[in-house]
file query_2.cif (mmCIF, C-alpha atoms)
data_data
loop_
_atom_site.label_atom_id
_atom_site.label_comp_id
_atom_site.auth_asym_id
_atom_site.auth_seq_id
_atom_site.Cartn_x
_atom_site.Cartn_y
_atom_site.Cartn_z
CA MET A 803 15.60 131.16 103.04
CA ASP A 804 11.91 131.19 103.61
CA PRO A 805 10.24 129.89 100.45
CA ASN A 806 7.22 132.10 101.03
CA GLN A 807 9.23 135.24 101.17
CA PRO A 808 9.10 136.16 97.46
CA GLU A 809 5.32 136.33 97.57
CA VAL A 810 5.26 138.41 100.72
CA GLU A 811 8.11 140.69 99.71
CA ASN A 812 7.05 143.86 98.01
CA TYR A 813 8.86 146.35 95.81
CA ALA A 814 11.49 148.11 97.86
CA ASN A 815 11.66 151.16 95.60
CA PRO A 816 8.22 151.59 94.09
CA LYS A 817 9.00 155.10 92.84
CA THR A 818 12.09 154.03 90.96
CA CYS A 819 10.24 151.02 89.57
CA PHE A 820 7.50 153.34 88.41
CA PHE A 821 9.84 155.61 86.49
CA HIS A 822 11.77 152.63 85.20
CA VAL A 823 8.61 151.37 83.54
CA LEU A 824 7.00 154.74 82.84
CA PHE A 825 9.35 156.02 80.14
CA LYS A 826 9.65 152.65 78.42
CA ALA A 827 5.92 152.16 78.34
CA SER A 828 5.16 155.72 77.31
CA ALA A 829 7.70 155.65 74.46
CA LEU A 830 6.22 152.42 73.14
CA ALA A 831 2.63 153.53 73.73
CA PHE A 832 3.17 156.90 72.11
CA TYR A 833 4.79 155.34 69.08
CA ILE A 834 2.03 152.77 68.58
CA LEU A 835 -0.92 155.06 69.33
CA SER A 836 0.40 158.06 67.43
CA ALA A 837 0.70 155.97 64.28
CA LEU A 838 -3.06 155.59 64.53
CA PHE A 839 -4.08 159.10 65.56
CA ILE A 840 -1.40 161.62 64.60
CA ASP A 841 -0.28 162.12 61.07
CA ASN A 842 2.77 164.22 61.81
CA PHE A 843 6.03 162.36 61.58
CA VAL A 844 8.06 165.13 63.20
CA ILE A 845 6.00 165.08 66.40
CA ILE A 846 6.07 161.29 66.54
CA PHE A 847 9.81 161.26 66.04
CA VAL A 848 10.69 163.93 68.55
CA VAL A 849 8.41 162.74 71.34
CA THR A 850 9.21 159.05 70.93
CA VAL A 851 12.95 159.54 70.75
CA LEU A 852 12.89 161.98 73.65
CA LEU A 853 10.99 159.48 75.79
CA ALA A 854 13.39 156.71 74.78
CA ALA A 855 16.37 158.91 75.62
CA LEU A 856 14.89 159.77 79.02
CA ASP A 857 14.33 156.08 79.61
CA PHE A 858 17.92 155.37 78.65
CA TRP A 859 19.14 157.93 81.14
CA VAL A 860 16.88 156.72 83.93
CA VAL A 861 17.87 153.10 83.47
CA LYS A 862 21.56 153.81 83.12
CA ASN A 863 21.93 156.31 85.94
CA VAL A 864 19.10 155.80 88.38
CA SER A 865 17.12 152.58 88.29
CA GLY A 866 20.14 150.44 87.45
CA ARG A 867 21.93 151.37 90.61
CA ILE A 868 18.89 151.54 92.85
CA LEU A 869 17.12 148.40 91.69
CA VAL A 870 20.05 146.08 90.99
CA GLY A 871 23.09 147.95 92.31
CA LEU A 872 24.90 148.05 88.98
CA ARG A 873 26.11 150.86 86.79
CA TRP A 874 28.21 151.23 83.68
CA TRP A 875 29.77 154.24 82.08
CA ASN A 876 32.57 155.31 79.85
CA GLU A 877 35.45 157.42 80.92
CA ILE A 878 38.51 158.74 79.17
CA ASN A 879 41.62 158.32 81.25
CA ASP A 880 44.66 160.55 81.41
CA LEU A 881 46.33 158.75 78.53
CA GLY A 882 43.37 159.58 76.33
CA GLU A 883 42.10 156.04 76.18
CA SER A 884 38.48 155.19 76.45
CA VAL A 885 37.71 152.97 79.41
CA TRP A 886 34.37 151.26 79.97
CA LYS A 887 33.67 151.03 83.66
CA PHE A 888 31.37 148.50 85.23
CA GLU A 889 30.47 149.11 88.80
CA CYS A 890 28.61 147.04 91.33
CA LEU A 891 27.82 147.23 94.98
CA ASP A 892 29.68 144.91 97.29
CA HIS A 893 28.37 141.43 97.72
CA GLU A 894 26.53 142.09 100.93
CA SER A 895 24.55 144.97 99.49
CA LEU A 896 23.91 143.09 96.27
CA ALA A 897 22.45 140.28 98.30
CA ARG A 898 20.15 142.69 100.08
CA MET A 899 18.69 143.91 96.80
CA ASN A 900 15.01 143.38 96.48
CA LYS A 901 14.20 140.35 94.31
CA LYS A 902 11.04 141.78 92.86
CA ASP A 903 12.86 144.98 91.96
CA SER A 904 15.56 143.20 90.05
CA TRP A 905 13.07 140.88 88.40
CA LEU A 906 11.14 143.88 87.15
CA PHE A 907 14.32 145.64 86.09
CA TRP A 908 15.66 142.84 83.91
CA TRP A 909 12.41 141.69 82.39
CA THR A 910 11.22 145.15 81.36
CA LEU A 911 14.66 145.75 79.89
CA TYR A 912 14.37 142.69 77.66
CA ILE A 913 10.70 143.06 76.85
CA THR A 914 11.21 146.63 75.65
CA ALA A 915 13.98 145.59 73.29
CA VAL A 916 11.84 142.76 71.95
CA ALA A 917 8.91 145.13 71.43
CA TRP A 918 11.10 147.56 69.47
CA ILE A 919 12.42 144.71 67.35
CA VAL A 920 8.86 143.66 66.52
CA LEU A 921 7.98 147.25 65.60
CA ALA A 922 11.11 147.47 63.48
CA ILE A 923 10.03 144.35 61.58
CA PHE A 924 6.59 145.90 61.02
CA SER A 925 8.01 149.11 59.62
CA LEU A 926 10.40 147.09 57.46
CA ILE A 927 7.50 145.15 56.00
CA ARG A 928 5.60 148.37 55.32
CA LEU A 929 8.75 149.92 53.80
CA GLN A 930 8.62 153.04 55.96
CA ALA A 931 12.19 154.21 56.16
CA ASP A 932 11.37 157.23 58.32
CA TYR A 933 9.58 155.17 60.98
CA LEU A 934 12.40 152.69 60.85
CA LEU A 935 14.69 155.56 61.84
CA VAL A 936 12.63 156.19 64.99
CA VAL A 937 12.55 152.52 65.93
CA GLY A 938 16.23 152.20 65.13
CA VAL A 939 17.18 154.97 67.54
CA CYS A 940 15.00 153.53 70.33
CA LEU A 941 16.27 150.02 69.73
CA THR A 942 19.87 151.18 69.82
CA LEU A 943 19.31 152.91 73.15
CA SER A 944 17.62 149.92 74.76
CA ILE A 945 20.19 147.44 73.46
CA ALA A 946 23.00 149.66 74.71
CA ASN A 947 21.55 149.38 78.20
CA ILE A 948 21.12 145.62 77.95
CA VAL A 949 24.72 145.16 76.84
CA GLY A 950 26.01 147.53 79.51
CA PHE A 951 24.17 145.92 82.38
CA THR A 952 24.88 142.39 81.22
CA LYS A 953 28.58 143.21 81.22
CA CYS A 954 28.15 144.77 84.64
CA LYS A 955 26.60 141.59 85.93
CA LYS A 956 29.42 139.45 84.57
CA ASP A 957 31.92 141.82 86.08
CA ALA A 958 30.20 141.64 89.45
CA LYS A 959 30.33 137.87 89.34
CA LYS A 960 34.00 137.91 88.43
CA GLN A 961 34.81 140.24 91.29
CA ILE A 962 32.97 138.05 93.74
CA GLN A 963 34.77 134.94 92.56
CA GLN A 964 38.10 136.66 92.51
CA PHE A 965 37.69 137.88 96.02
CA ALA A 966 36.41 134.56 97.22
CA SER A 967 39.41 132.70 95.87
CA GLN A 968 41.67 135.33 97.38
CA THR A 969 40.02 134.94 100.75
CA ILE A 970 40.28 131.18 100.63
CA ALA A 971 43.92 131.37 99.59
CA SER A 972 44.84 133.74 102.38
CA ARG A 973 42.89 131.67 104.86
CA PHE A 974 44.73 128.56 103.74
CA SER A 975 48.13 130.17 103.98
CA SER A 976 47.35 131.61 107.38
CA THR A 977 46.26 128.20 108.59
CA LEU A 978 49.53 126.79 107.36
CA GLN A 979 51.41 129.58 109.02
CA SER A 980 49.72 129.06 112.33
CA ALA A 981 50.32 125.33 112.07
CA PHE A 982 54.00 125.97 111.57
CA SER A 983 54.17 128.51 114.33
CA VAL A 984 52.65 125.98 116.71
CA VAL A 985 55.30 123.49 115.69
CA MET B 1212 34.03 148.86 111.11
CA SER B 1213 31.53 146.11 111.68
CA HIS B 1214 33.85 143.59 113.21
CA GLY B 1215 31.49 143.09 116.11
CA ASP B 1216 29.28 140.64 114.26
CA THR B 1217 32.08 138.40 113.16
CA ILE B 1218 30.90 135.05 112.00
CA PRO B 1219 33.33 132.40 113.18
CA LEU B 1220 35.05 131.35 110.02
CA HIS B 1221 37.21 128.95 111.85
CA PRO B 1222 35.64 128.11 115.12
CA SER B 1223 38.73 126.46 116.51
CA SER B 1224 40.56 129.58 117.61
CA GLN B 1225 39.97 133.28 117.79
CA SER B 1226 43.57 134.12 117.00
CA ASP B 1227 43.27 132.38 113.66
CA ILE B 1228 40.47 134.67 112.71
CA ASP B 1229 42.46 137.70 113.64
CA GLU B 1230 45.29 136.46 111.56
CA ILE B 1231 43.01 135.83 108.62
CA GLU B 1232 41.59 139.29 108.84
CA ASN B 1233 45.03 140.78 108.95
CA LEU B 1234 45.98 138.80 105.91
CA ILE B 1235 42.84 139.80 104.10
CA ASN B 1236 43.57 143.41 104.82
CA ALA B 1237 47.11 143.03 103.68
CA SER B 1238 46.14 141.27 100.50
CA VAL B 1239 43.50 143.86 99.80
CA HIS B 1240 45.98 146.65 100.14
CA GLN B 1241 48.40 144.98 97.82
CA SER B 1242 46.30 143.50 95.12
CA VAL B 1243 43.02 145.30 94.69
CA PRO B 1244 44.16 148.71 93.55
CA SER B 1245 46.27 147.22 90.80
CA ALA B 1246 43.38 145.10 89.64
CA ARG B 1247 41.52 148.20 88.58
CA PRO B 1248 42.45 150.67 85.92
CA PRO B 1249 44.07 153.65 87.57
CA SER B 1250 41.64 156.43 86.86
CA PRO B 1251 40.85 158.28 90.03
CA PRO B 1252 38.23 160.94 89.25
CA ARG B 1253 35.24 158.82 90.24
CA ALA B 1254 34.98 157.12 93.55
CA SER B 1255 36.03 153.54 93.33
CA ILE B 1256 34.03 150.40 93.56
CA PRO B 1257 33.39 148.68 96.83
CA VAL B 1258 34.57 145.29 95.81
CA SER B 1259 32.46 142.33 96.66
CA VAL B 1260 33.57 140.69 99.78
CA SER B 1261 32.58 137.14 100.33
CA ALA B 1262 31.87 133.62 99.30
CA PRO B 1263 31.16 132.61 95.73
CA SER B 1264 27.54 132.94 94.84
CA PRO B 1265 25.80 129.79 93.72
CA SER B 1266 23.81 131.54 91.02
CA PRO B 1267 25.62 132.06 87.77
CA PHE B 1268 25.25 135.66 86.70
CA VAL B 1269 23.96 135.05 83.24
CA PRO B 1270 21.10 137.05 81.79
CA SER B 1271 18.80 134.08 81.52
CA ASN B 1272 18.13 133.58 85.20
CA LEU B 1273 17.45 137.14 86.10
CA PRO B 1274 15.34 136.79 89.17
CA LYS B 1275 18.04 134.84 90.92
CA SER B 1276 20.69 137.48 90.64
CA SER B 1277 19.95 138.94 94.01
CA SER B 1278 18.83 135.82 95.77
CA SER B 1279 22.24 134.30 96.00
CA ALA B 1280 23.08 135.31 99.51
CA VAL B 1281 22.96 132.10 101.40
CA PRO B 1282 26.05 132.20 103.59
CA PRO B 1283 26.19 135.26 105.77
CA PRO B 1284 29.19 137.17 104.51
CA PRO B 1285 32.07 137.94 106.81
CA PRO B 1286 32.50 141.53 107.84
CA PRO B 1287 34.06 143.75 105.23
CA PRO B 1288 37.76 144.13 105.78
CA THR B 1289 39.10 147.43 106.89
CA GLY B 1290 40.90 149.90 104.72
CA PHE B 1291 38.81 149.19 101.68
CA GLY B 1292 39.10 152.57 100.07
CA PRO B 1293 36.28 155.06 99.88
CA ALA B 1294 33.05 153.82 101.31
CA PRO B 1295 29.78 153.75 99.37
CA ASN B 1296 30.01 156.30 96.70
CA THR B 1297 28.02 157.57 93.78
CA LEU B 1298 26.29 154.22 93.51
CA THR B 1299 24.14 155.08 96.48
CA GLU B 1300 23.81 158.81 96.04
CA PRO B 1301 20.39 160.45 95.86
CA VAL B 1302 18.86 160.79 92.41
CA TRP B 1303 18.98 164.56 92.57
CA ASP B 1304 22.78 164.49 92.75
CA THR B 1305 22.93 162.41 89.60
CA VAL B 1306 20.68 164.86 87.78
CA LYS B 1307 22.75 167.82 88.94
CA ARG B 1308 26.01 166.21 87.93
CA ASP B 1309 24.78 165.41 84.44
CA LEU B 1310 23.28 168.86 83.93
CA SER B 1311 26.48 170.57 85.00
CA ARG B 1312 28.40 168.32 82.65
CA ILE B 1313 26.19 169.36 79.74
CA VAL B 1314 26.61 173.03 80.63
CA SER B 1315 30.40 172.77 80.86
CA ASN B 1316 30.60 170.89 77.58
CA LEU B 1317 28.48 173.53 75.90
CA LYS B 1318 30.70 176.27 77.27
CA LEU B 1319 33.73 174.64 75.68
CA VAL B 1320 32.06 174.91 72.30
CA VAL B 1321 30.43 178.29 72.62
CA PHE B 1322 33.64 179.89 73.80
CA PRO B 1323 36.25 177.79 72.04
CA ASN B 1324 39.85 178.48 72.85
CA PRO B 1325 42.08 177.24 70.06
CA TYR B 1326 45.18 178.07 72.08
CA ARG B 1327 44.29 175.65 74.83
CA GLU B 1328 47.27 173.49 75.79
CA ASP B 1329 45.68 170.20 74.96
CA PRO B 1330 42.69 170.55 72.68
CA GLY B 1331 42.35 166.79 72.43
CA LYS B 1332 41.16 166.78 76.01
CA ALA B 1333 38.07 168.79 75.14
CA LEU B 1334 34.87 167.04 76.04
CA ARG B 1335 36.63 164.27 77.84
CA ASP B 1336 33.46 163.89 79.89
CA TRP B 1337 31.39 163.44 76.79
CA ASP B 1338 27.66 163.09 76.72
CA LEU B 1339 25.24 162.60 73.88
CA TRP B 1340 22.45 164.83 75.19
CA GLY B 1341 23.89 167.90 73.51
CA PRO B 1342 24.25 166.32 70.07
CA PHE B 1343 20.79 164.84 70.39
CA PHE B 1344 19.15 168.17 71.23
CA PHE B 1345 21.08 170.17 68.66
CA ILE B 1346 20.43 167.71 65.84
CA VAL B 1347 16.74 167.50 66.69
CA PHE B 1348 16.51 171.27 67.03
CA LEU B 1349 18.19 171.83 63.69
CA GLY B 1350 15.86 169.31 62.09
CA LEU B 1351 12.87 171.05 63.66
CA THR B 1352 13.84 174.53 62.49
CA LEU B 1353 14.59 173.22 59.01
CA SER B 1354 11.26 171.42 58.81
CA TRP B 1355 9.40 174.50 60.07
CA SER B 1356 11.10 176.62 57.43
CA ALA B 1357 10.22 174.15 54.73
CA SER B 1358 6.89 174.80 53.10
CA VAL B 1359 6.34 171.29 51.77
CA LYS B 1360 7.38 167.81 52.84
CA LYS B 1361 8.15 168.87 56.38
CA SER B 1362 8.44 165.29 57.62
CA GLU B 1363 10.88 164.29 54.92
CA VAL B 1364 13.03 167.34 55.60
CA PHE B 1365 13.20 166.49 59.27
CA ALA B 1366 13.95 162.81 58.70
CA VAL B 1367 16.61 163.58 56.12
CA ALA B 1368 18.23 166.28 58.28
CA PHE B 1369 18.37 163.96 61.28
CA ALA B 1370 19.70 161.00 59.33
CA LEU B 1371 22.23 163.16 57.49
CA LEU B 1372 23.60 164.78 60.62
CA ALA B 1373 23.71 161.58 62.67
CA ALA B 1374 25.26 159.54 59.88
CA GLY B 1375 27.54 162.46 59.03
CA ALA B 1376 28.95 162.58 62.53
CA VAL B 1377 29.58 158.82 62.51
CA ILE B 1378 31.22 158.92 59.08
CA LEU B 1379 33.43 161.87 59.97
CA THR B 1380 34.64 160.07 63.07
CA LEU B 1381 35.33 156.91 61.08
CA ASN B 1382 37.19 159.04 58.56
CA VAL B 1383 39.54 160.28 61.24
CA LEU B 1384 40.01 156.74 62.55
CA LEU B 1385 40.77 155.45 59.07
CA LEU B 1386 43.30 158.21 58.60
CA GLY B 1387 45.15 156.72 61.52
CA GLY B 1388 44.10 159.42 63.95
CA HIS B 1389 43.91 158.97 67.68
CA ILE B 1390 40.33 159.73 68.52
CA ILE B 1391 37.63 158.28 70.71
CA PHE B 1392 34.47 157.46 68.86
CA PHE B 1393 31.91 158.84 71.29
CA GLN B 1394 34.01 161.82 72.27
CA SER B 1395 34.18 162.82 68.64
CA LEU B 1396 30.46 162.25 68.11
CA SER B 1397 29.76 164.39 71.12
CA LEU B 1398 32.03 167.17 69.95
CA LEU B 1399 30.71 167.25 66.40
CA GLY B 1400 27.19 167.39 67.81
CA TYR B 1401 27.98 170.19 70.25
CA CYS B 1402 29.61 172.13 67.43
CA LEU B 1403 26.24 172.29 65.73
CA PHE B 1404 25.09 174.73 68.38
CA PRO B 1405 26.16 177.89 66.47
CA LEU B 1406 24.44 176.59 63.35
CA ASP B 1407 21.32 176.00 65.44
CA VAL B 1408 21.37 179.62 66.45
CA GLY B 1409 21.88 180.60 62.83
CA ALA B 1410 19.00 178.43 61.67
CA LEU B 1411 16.73 179.97 64.28
CA ILE B 1412 17.61 183.50 63.18
CA CYS B 1413 17.13 182.56 59.53
CA MET B 1414 13.73 181.14 60.30
CA LEU B 1415 12.61 184.39 61.91
CA LYS B 1416 14.20 186.78 59.39
CA ASP B 1417 13.25 186.48 55.77
CA ASN B 1418 15.97 188.62 54.23
CA VAL B 1419 18.39 186.75 51.98
CA ILE B 1420 21.39 188.97 52.77
CA VAL B 1421 20.82 188.64 56.50
CA LYS B 1422 20.55 184.88 56.06
CA VAL B 1423 23.81 184.63 54.16
CA VAL B 1424 25.66 186.79 56.68
CA VAL B 1425 24.27 184.91 59.65
CA VAL B 1426 25.03 181.52 58.14
CA CYS B 1427 28.59 182.56 57.25
CA VAL B 1428 29.24 183.79 60.78
CA THR B 1429 27.78 180.72 62.47
CA LEU B 1430 29.54 178.44 60.00
CA ALA B 1431 32.87 179.99 60.86
CA TRP B 1432 32.03 179.70 64.53
CA SER B 1433 31.17 176.00 64.24
CA SER B 1434 34.26 175.18 62.23
CA TRP B 1435 36.43 177.17 64.59
CA ALA B 1436 35.05 175.22 67.53
CA ALA B 1437 35.62 171.86 65.85
CA TYR B 1438 39.05 172.72 64.42
CA PRO B 1439 41.38 172.31 67.41
CA PHE B 1440 39.99 168.96 68.43
CA MET B 1441 39.92 167.41 64.99
CA SER B 1442 43.32 168.72 63.97
CA SER B 1443 45.02 167.48 67.12
CA ALA B 1444 43.60 164.01 66.54
CA VAL B 1445 45.48 163.27 63.32
CA ASN B 1446 48.97 163.44 61.95
CA PRO B 1447 49.72 167.06 60.92
CA ARG B 1448 50.34 166.00 57.33
CA ARG B 1449 46.86 164.53 57.08
CA LYS B 1450 45.14 167.35 58.88
CA ALA B 1451 43.41 168.66 55.78
CA LEU B 1452 42.06 165.24 54.93
CA ALA B 1453 40.35 165.06 58.31
CA LEU B 1454 39.17 168.66 58.46
CA TYR B 1455 37.88 169.05 54.94
CA PRO B 1456 34.93 166.63 55.33
CA VAL B 1457 33.97 168.25 58.64
CA PHE B 1458 33.95 171.63 56.99
CA LEU B 1459 32.03 170.19 54.05
CA MET B 1460 29.30 168.86 56.31
CA TYR B 1461 28.89 172.17 58.11
CA VAL B 1462 28.84 174.00 54.77
CA SER B 1463 26.14 171.72 53.46
CA VAL B 1464 24.12 172.28 56.63
CA GLY B 1465 24.58 176.02 56.20
CA PHE B 1466 23.54 175.73 52.58
CA LEU B 1467 20.42 173.84 53.66
CA ILE B 1468 19.57 176.60 56.13
CA ILE B 1469 19.79 179.28 53.43
CA ALA B 1470 18.20 177.31 50.64
CA ILE B 1471 15.26 175.85 52.45
CA ASP B 1472 12.06 177.70 51.86
#
call {"tool": "encode", "arguments": {"input": "query_2.cif", "output": "structure tokens"}}
result
Amino acid sequence: MDPNQPEVENYANPKTCFFHVLFKASALAFYILSALFIDNFVIIFVVTVLLAALDFWVVKNVSGRILVGLRWWNEINDLGESVWKFECLDHESLARMNKKDSWLFWWTLYITAVAWIVLAIFSLIRLQADYLLVVGVCLTLSIANIVGFTKCKKDAKKQIQQFASQTIASRFSSTLQSAFSVV
Amino acid sequence: MSHGDTIPLHPSSQSDIDEIENLINASVHQSVPSARPPSPPRASIPVSVSAPSPSPFVPSNLPKSSSSAVPPPPPPPTGFGPAPNTLTEPVWDTVKRDLSRIVSNLKLVVFPNPYREDPGKALRDWDLWGPFFFIVFLGLTLSWSASVKKSEVFAVAFALLAAGAVILTLNVLLLGGHIIFFQSLSLLGYCLFPLDVGALICMLKDNVIVKVVVVCVTLAWSSWAAYPFMSSAVNPRRKALALYPVFLMYVSVGFLIIAID
């Protein structure tokens, strides 16, 4: 691969990247700024949690699959059991994913969770149970996405390895077969 | 089929490659479907096709996750099930699907049918948007109705309802019931909808008798909607143990709606 490519390469899906960051940043910004300017807990709660929920939805359903080609969801099968599904694109498409996109995706995911943890520690120190509730909801949402996509990634890796070993095995056996057929 | 750009896996002979491909196809047909849980409603996953990637997929080296494609992958084998699916659909389709899911879930609660064959299947496609909106809306109406300590009322209402739903679900699980955690959360949240309507009416009308009547009606409606699902989840002998706390929570919410001033 061309070593200069990462610098030249630009975001493949700037719109998705924008929304991926927008709701995270606006939830955090609203929470931090409103603590300074607005003295109404209800407004702070509703707007912050709504923004965090929108972010959760965007990451889980839109930017996850467009930026890194992964998606997770839960489904209840016919037996009434809950099944967590982890989906990924095939290897070829995963390889074609934009590097900058996925870099942005993962780092903003982690940074948001860290920021909420820091805010949670602040509200713990100031003994504000109600603000802790807001931060708790937002933190839960962002950690849910981190866990989901990390599992997705592991699953994708497993599938690739599984298929690779399968391919090698079948190749080996076919080589043997052809060797025997020649004999 | 993109067999045209075949990369010679085995440059010695073309027939070998054909044989390999046949074998790959055969092995795919046999082994891949069983490797996945058999739940057809969504389109299935296009399974990754080629060589092992050098980059370990651990969260710490994020930027590398997509840069692993060094060897050009061989063409995807044929007969690989449905081609690219909801993973590559336009965003608008995703939005529409989720909205229609919310609407259909809400319908199940607004027009509950206790004689449905399998009430446990209600809200199988659960989502947490409904519970979120209904809990927040109930908190908002309660805090608007309250004359003092609006913030506290809202925070307490939200925490009580959210924790209440979790505890009620755990209660059913501890009673040995067969229930799915998020499905139950979703259902209990959706069942707040009638009480939301009641709270809204009570906020607009200031007559005590009207309030009591409205709350009683919406309370019955909520309990009626939650009843079939919760009762089918547990052993019939323990039904009351599971249903009583649910009823108690809705009653306390109804009491809050009437009492708050």
call {"tool": "closest_atom_pairs", "arguments": {"input": "query_2.cif", "of": "chain A", "to": "chain B", "cutoff": "8 Å", "atoms": "all atoms listed in the file", "output": "CSV"}}
result
residue,atom,partner,partner_atom,distance
A:Met803,CA,B:Val1281,CA,7.6
A:Asn842,CA,B:Ser1362,CA,7.1
A:Phe843,CA,B:Ser1362,CA,5.5
A:Val844,CA,B:Ser1362,CA,5.6
A:Val848,CA,B:Val1347,CA,7.3
A:Asn863,CA,B:Thr1305,CA,7.2
A:Val864,CA,B:Val1302,CA,6.4
A:Arg867,CA,B:Leu1298,CA,6.0
A:Ile868,CA,B:Thr1299,CA,7.3
A:Val870,CA,B:Ser1277,CA,7.8
A:Gly871,CA,B:Leu1298,CA,7.1
A:Leu872,CA,B:Leu1298,CA,7.8
A:Arg873,CA,B:Leu1298,CA,7.5
A:Glu877,CA,B:Asp1336,CA,6.8
A:Ile878,CA,B:Arg1335,CA,6.0
A:Asn879,CA,B:Ser1250,CA,5.9
A:Asp880,CA,B:Ser1250,CA,7.5
A:Gly882,CA,B:Lys1332,CA,7.5
A:Glu883,CA,B:Ile1391,CA,7.4
A:Ser884,CA,B:Ile1391,CA,6.6
A:Glu889,CA,B:Ile1256,CA,6.1
A:Cys890,CA,B:Ile1256,CA,6.8
A:Leu891,CA,B:Pro1257,CA,6.0
A:Asp892,CA,B:Ser1259,CA,3.8
A:His893,CA,B:Ser1259,CA,4.3
A:Glu894,CA,B:Pro1284,CA,6.6
A:Leu896,CA,B:Ser1277,CA,6.2
A:Ala897,CA,B:Ser1277,CA,5.1
A:Arg898,CA,B:Ser1277,CA,7.1
A:Met899,CA,B:Ser1277,CA,5.8
A:Asn900,CA,B:Ser1277,CA,7.1
A:Lys901,CA,B:Ser1277,CA,5.9
A:Lys902,CA,B:Pro1274,CA,7.6
A:Ser904,CA,B:Pro1274,CA,6.5
A:Trp905,CA,B:Pro1274,CA,4.7
A:Trp908,CA,B:Leu1273,CA,6.4
A:Trp909,CA,B:Leu1273,CA,7.7
A:Asp932,CA,B:Ala1366,CA,6.2
A:Leu935,CA,B:Ala1370,CA,7.8
A:Thr952,CA,B:Pro1270,CA,6.6
A:Lys955,CA,B:Phe1268,CA,6.1
A:Lys956,CA,B:Phe1268,CA,6.0
A:Ala958,CA,B:Ser1259,CA,7.6
A:Lys959,CA,B:Phe1268,CA,6.1
A:Gln961,CA,B:Ser1259,CA,6.2
A:Ile962,CA,B:Ser1259,CA,5.2
A:Gln963,CA,B:Pro1263,CA,5.3
A:Phe965,CA,B:Val1260,CA,6.2
A:Ala966,CA,B:Ala1262,CA,5.1
A:Thr969,CA,B:Ile1235,CA,6.5
A:Ser972,CA,B:Leu1234,CA,6.3
A:Arg973,CA,B:Ile1231,CA,5.6
A:Ser976,CA,B:Ile1231,CA,6.2
A:Thr977,CA,B:Asp1227,CA,7.2
A:Ser980,CA,B:Asp1227,CA,7.4
call {"tool": "atom_distance", "arguments": {"input": "query_2.cif", "atom1": "atom CA of A:Ser865", "atom2": "atom CA of A:Leu921"}}
result
25.0 Å
call {"tool": "residues_near_point", "arguments": {"input": "query_2.cif", "point": "(14.3, 182.7, 59.8)", "cutoff": "10 Å", "atoms": "only C-alpha atoms", "output": "ChimeraX atom specification"}}
result
/B:1352-1353,1355-1356,1409-1419,1421-1422,1468-1469,1472
call {"tool": "write_last_selection", "arguments": {"input": "query_2.cif", "atoms": "C-alpha atoms", "output": "CSV table (one decimal), in the frame of the given file"}}
result
chain,number,residue,atom,x,y,z
B,1352,THR,CA,13.8,174.5,62.5
B,1353,LEU,CA,14.6,173.2,59.0
B,1355,TRP,CA,9.4,174.5,60.1
B,1356,SER,CA,11.1,176.6,57.4
B,1409,GLY,CA,21.9,180.6,62.8
B,1410,ALA,CA,19.0,178.4,61.7
B,1411,LEU,CA,16.7,180.0,64.3
B,1412,ILE,CA,17.6,183.5,63.2
B,1413,CYS,CA,17.1,182.6,59.5
B,1414,MET,CA,13.7,181.1,60.3
B,1415,LEU,CA,12.6,184.4,61.9
B,1416,LYS,CA,14.2,186.8,59.4
B,1417,ASP,CA,13.2,186.5,55.8
B,1418,ASN,CA,16.0,188.6,54.2
B,1419,VAL,CA,18.4,186.8,52.0
B,1421,VAL,CA,20.8,188.6,56.5
B,1422,LYS,CA,20.6,184.9,56.1
B,1468,ILE,CA,19.6,176.6,56.1
B,1469,ILE,CA,19.8,179.3,53.4
B,1472,ASP,CA,12.1,177.7,51.9
call {"tool": "resolve_selection", "arguments": {"input": "query_2.cif", "expression": "the PyMOL selection byres ((chain A and resi 910-918) around 7)", "output": "ChimeraX atom specification"}}
result
/A:826,906-909,919-922,937,941,944-945,948
call {"tool": "residues_around", "arguments": {"input": "query_2.cif", "residues": "A:Trp875", "least_positions_apart": "4", "cutoff": "7 Å", "atoms": "only C-alpha atoms", "output": "PyMOL selection string"}}
result
chain A and resi 886-888
call {"tool": "atom_distance", "arguments": {"input": "query_2.cif", "atom1": "atom CA of A:Asn812", "atom2": "atom CA of A:Asp903"}}
result
8.5 Å
call {"tool": "atom_distance", "arguments": {"input": "query_2.cif", "atom1": "atom CA of A:Phe858", "atom2": "atom CA of A:Ala837"}}
result
22.4 Å
call {"tool": "closest_residue", "arguments": {"input": "query_2.cif", "among": "B:Tyr1461, B:Ser1358, B:Leu1381, B:Leu1317", "to": "B:Cys1427", "atoms": "all atoms listed in the file"}}
result
B:Tyr1461
call {"tool": "resolve_selection", "arguments": {"input": "query_2.cif", "expression": "the PyMOL selection byres ((chain A and resi 846) around 10)", "output": "VMD selection string"}}
result
chain A and resid 829 832 to 837 840 to 845 847 to 852 933 936
call {"tool": "resolve_selection", "arguments": {"input": "query_2.cif", "expression": "the PyMOL selection byres ((chain B and resi 1450) around 12)", "output": "PyMOL selection string"}}
result
chain B and resi 1382-1383+1386-1388+1438-1449+1451-1457
call {"tool": "residues_near_point", "arguments": {"input": "query_2.cif", "point": "(31.9, 178.2, 68.4)", "cutoff": "12 Å", "atoms": "only C-alpha atoms", "output": "PyMOL selection string"}}
result
chain B and resi 1316-1325+1398-1409+1428-1439
call {"tool": "residues_around", "arguments": {"input": "query_2.cif", "residues": "A:Asp857", "least_positions_apart": "2", "cutoff": "8 Å", "atoms": "only C-alpha atoms", "output": "short mmCIF file (atom, residue, chain, number, x, y, z; two decimals) with C-alpha atoms, keeping the file's coordinate frame"}}
result
data_model
loop_
_atom_site.label_atom_id
_atom_site.label_comp_id
_atom_site.auth_asym_id
_atom_site.auth_seq_id
_atom_site.Cartn_x
_atom_site.Cartn_y
_atom_site.Cartn_z
CA HIS A 822 11.77 152.63 85.20
CA PHE A 825 9.35 156.02 80.14
CA LYS A 826 9.65 152.65 78.42
CA LEU A 853 10.99 159.48 75.79
CA ALA A 854 13.39 156.71 74.78
CA ALA A 855 16.37 158.91 75.62
CA TRP A 859 19.14 157.93 81.14
CA VAL A 860 16.88 156.72 83.93
CA VAL A 861 17.87 153.10 83.47
#
